[in-house]
>>> print(open('upload01.tsv').read())   # TSV, C-alpha atoms
chain	number	residue	atom	x	y	z
X	62	ARG	CA	113.14	-10.04	97.87
X	63	LEU	CA	110.53	-9.20	95.21
X	64	PRO	CA	106.90	-8.27	95.94
X	65	PHE	CA	104.75	-11.04	94.51
X	66	GLN	CA	101.18	-12.17	94.50
X	67	LEU	CA	100.20	-15.83	94.90
X	68	SER	CA	98.06	-16.89	91.92
X	69	VAL	CA	96.38	-20.05	90.72
X	70	LEU	CA	96.93	-21.30	87.15
X	71	GLU	CA	93.85	-22.17	85.12
X	72	GLN	CA	93.46	-24.04	81.86
X	73	ASP	CA	92.64	-22.25	78.65
X	74	ARG	CA	90.33	-23.72	76.01
X	75	TRP	CA	93.12	-26.00	74.72
X	76	GLY	CA	93.83	-27.44	78.17
X	77	ARG	CA	97.13	-25.62	78.78
X	78	PHE	CA	97.81	-23.74	82.02
X	79	THR	CA	98.27	-20.25	80.55
X	80	ARG	CA	95.74	-18.23	82.58
X	81	SER	CA	96.02	-17.13	86.18
X	82	ARG	CA	93.76	-15.64	88.82
X	83	PRO	CA	94.38	-14.41	92.37
X	84	CYS	CA	94.58	-17.13	95.00
X	85	GLN	CA	91.59	-17.56	97.35
X	86	LEU	CA	91.16	-19.37	100.67
X	87	GLY	CA	89.87	-22.69	99.30
X	88	ASP	CA	92.48	-23.01	96.53
X	89	THR	CA	95.09	-24.83	98.63
X	90	SER	CA	92.74	-27.64	99.66
X	91	PRO	CA	92.71	-30.76	97.46
X	92	HIS	CA	89.94	-31.41	94.96
X	93	PRO	CA	87.69	-34.49	95.22
X	94	ASP	CA	89.86	-36.24	92.61
X	95	GLY	CA	92.90	-35.82	94.90
X	96	SER	CA	94.81	-33.21	92.87
X	97	PHE	CA	95.90	-29.78	94.06
X	98	GLN	CA	95.54	-26.63	92.00
X	99	ARG	CA	98.75	-25.23	90.58
X	100	THR	CA	99.87	-22.10	92.39
X	101	VAL	CA	102.56	-19.70	91.19
X	102	CYS	CA	104.16	-16.53	92.47
X	103	ILE	CA	103.69	-13.64	90.05
X	104	VAL	CA	105.91	-10.61	90.61
X	105	ASN	CA	104.15	-7.25	90.65
X	106	LEU	CA	106.52	-5.14	88.53
X	107	GLN	CA	104.79	-1.87	89.39
X	108	LEU	CA	106.00	-2.19	93.00
X	109	VAL	CA	109.56	-3.32	92.15
X	110	PRO	CA	112.35	-0.69	92.29
X	111	GLU	CA	114.23	0.09	89.09
X	112	THR	CA	117.49	-1.64	90.17
X	113	LEU	CA	115.68	-4.87	91.03
X	114	ARG	CA	113.77	-4.68	87.75
X	115	GLU	CA	117.08	-4.50	85.88
X	116	ASP	CA	118.40	-7.50	87.85
X	117	LEU	CA	115.25	-9.43	86.97
X	118	ALA	CA	115.58	-8.48	83.29
X	119	ARG	CA	119.24	-9.61	83.32
X	120	ALA	CA	118.27	-12.95	84.85
X	121	ILE	CA	115.43	-13.55	82.38
X	122	LYS	CA	117.36	-12.48	79.27
X	123	PRO	CA	119.00	-15.90	78.52
X	124	LEU	CA	115.71	-17.72	79.03
X	125	GLN	CA	113.92	-15.30	76.75
X	126	ALA	CA	116.60	-15.69	74.05
X	127	PHE	CA	116.37	-19.47	74.27
X	128	ALA	CA	112.56	-19.39	74.04
X	129	LYS	CA	112.70	-17.10	71.00
X	130	HIS	CA	115.26	-19.35	69.29
X	131	LYS	CA	113.20	-22.46	70.05
X	132	ALA	CA	110.06	-20.83	68.63
X	133	TRP	CA	112.00	-19.76	65.50
X	134	VAL	CA	113.30	-23.33	64.97
X	135	ARG	CA	109.78	-24.71	65.42
X	136	ARG	CA	108.35	-22.30	62.83
X	137	LEU	CA	111.23	-23.05	60.45
X	138	MET	CA	110.67	-26.81	60.70
X	139	ARG	CA	106.94	-26.35	60.12
X	140	VAL	CA	107.56	-24.30	56.96
X	141	GLN	CA	110.15	-26.79	55.72
X	142	GLY	CA	107.64	-29.60	56.26
X	143	HIS	CA	105.00	-27.74	54.25
X	144	VAL	CA	107.45	-27.07	51.40
X	145	LYS	CA	108.70	-30.67	51.38
X	146	GLY	CA	105.13	-31.97	51.34
X	147	ARG	CA	104.23	-29.67	48.45
X	148	PHE	CA	107.28	-30.76	46.42
X	149	THR	CA	106.50	-34.42	47.13
X	150	ARG	CA	102.88	-34.03	46.06
X	151	CYS	CA	103.95	-32.24	42.87
X	152	SER	CA	106.51	-34.91	42.01
X	153	LEU	CA	103.97	-37.68	42.64
X	154	GLN	CA	101.49	-35.92	40.39
X	155	LYS	CA	104.18	-35.59	37.71
X	156	GLU	CA	105.01	-39.31	38.02
X	157	GLU	CA	101.33	-40.25	37.72
X	158	THR	CA	100.93	-38.06	34.64
X	159	SER	CA	104.06	-39.53	33.06
X	160	ALA	CA	102.95	-43.07	33.86
X	161	ALA	CA	99.51	-42.44	32.36
X	162	TYR	CA	101.12	-41.03	29.21
X	163	ILE	CA	103.51	-43.99	28.89
X	164	GLN	CA	100.65	-46.45	29.41
X	165	ALA	CA	98.49	-44.69	26.81
X	166	VAL	CA	101.30	-44.72	24.26
X	167	TRP	CA	102.04	-48.37	24.96
X	168	ARG	CA	98.37	-49.34	24.61
X	169	THR	CA	97.97	-47.57	21.28
X	170	ARG	CA	101.22	-49.01	19.86
X	171	ALA	CA	100.57	-52.51	21.23
X	172	TRP	CA	97.05	-52.41	19.80
X	173	SER	CA	98.42	-51.64	16.36
X	174	TYR	CA	101.27	-54.20	16.69
X	175	TYR	CA	98.98	-57.06	17.60
X	176	ALA	CA	96.28	-56.22	15.07
X	177	GLY	CA	93.56	-55.55	17.60
X	178	ARG	CA	94.10	-58.52	19.93
X	179	HIS	CA	94.36	-57.99	23.70
X	180	VAL	CA	97.93	-57.95	24.99
X	181	GLU	CA	97.47	-58.09	28.79
X	182	ASP	CA	98.99	-61.56	28.89
X	183	THR	CA	101.95	-60.63	26.67
X	184	PRO	CA	104.96	-59.85	28.88
X	185	GLN	CA	107.25	-58.26	26.29
X	186	VAL	CA	107.43	-56.03	23.25
X	187	PRO	CA	107.11	-57.99	19.98
X	188	GLN	CA	110.29	-58.95	18.23
X	189	ARG	CA	111.18	-57.04	15.07
X	190	CYS	CA	112.72	-58.10	11.82
X	191	GLN	CA	116.38	-57.07	11.48
X	192	HIS	CA	116.01	-56.06	7.83
X	193	CYS	CA	112.72	-54.18	7.60
X	194	ASN	CA	112.06	-53.44	11.33
X	195	SER	CA	108.48	-54.71	11.15
X	196	PRO	CA	107.00	-56.65	14.09
X	197	ILE	CA	107.16	-60.43	13.94
X	198	VAL	CA	103.67	-61.59	14.91
X	199	GLU	CA	104.67	-65.29	15.15
X	200	ALA	CA	106.89	-64.58	18.17
X	201	ILE	CA	103.80	-64.16	20.34
>>> encode(input="upload01.tsv", output="structure tokens")
Amino acid sequence: RLPFQLSVLEQDRWGRFTRSRPCQLGDTSPHPDGSFQRTVCIVNLQLVPETLREDLARAIKPLQAFAKHKAWVRRLMRVQGHVKGRFTRCSLQKEETSAAYIQAVWRTRAWSYYAGRHVEDTPQVPQRCQHCNSPIVEAI
């Protein structure tokens, strides 16, 4: 019903079949590896009458809308992934900074509490006197 031209699909530099060229005589024979080349029928729109062109456009319209929606969803998910990754990296950096600050404060206070002795083997904060709130060194 539509004037078409038989074409052979070729791979682009990423290995996808997005390019085409006119079909030649040896294209339908199998390759040495046993595979056939992919052939497609490409409609020549310059030779198609206006009414048939409108019919073709009406038939392609739902497919085109679906492809556009699918591409939009794919782009949206990619952007959401980038944003989520950025927020995660920022929160991890904030946690690391907070942890380093807490560790530095603990080391300086523990150093002063234990009068210069190492406290790596001490599992808890020193006990404090109920009356004067000074650390009890004997509890170690």
>>> atom_distance(input="upload01.tsv", atom1="atom CA of X:Thr100", atom2="atom CA of X:Leu67")
6.8 Å
>>> residues_around(input="upload01.tsv", residues="stretch 107-123 of chain X", least_positions_apart="2", cutoff="8 Å", atoms="all atoms listed in the file", output="PyMOL selection string")
chain X and resi 63-64+105+125-127
>>> atom_distance(input="upload01.tsv", atom1="atom CA of X:Gln154", atom2="atom CA of X:Val140")
21.1 Å
>>> atom_distance(input="upload01.tsv", atom1="atom CA of X:Pro83", atom2="atom CA of X:Lys129")
28.3 Å
>>> closest_residue(input="upload01.tsv", among="X:Arg139, X:Trp133, X:Cys84, X:Arg147", to="X:Ser68", atoms="all atoms listed in the file")
X:Cys84
>>> residues_near_point(input="upload01.tsv", point="(97.7, -15.5, 83.8)", cutoff="10 Å", atoms="only C-alpha atoms", output="VMD selection string")
chain X and resid 68 to 73 78 to 83 101 103
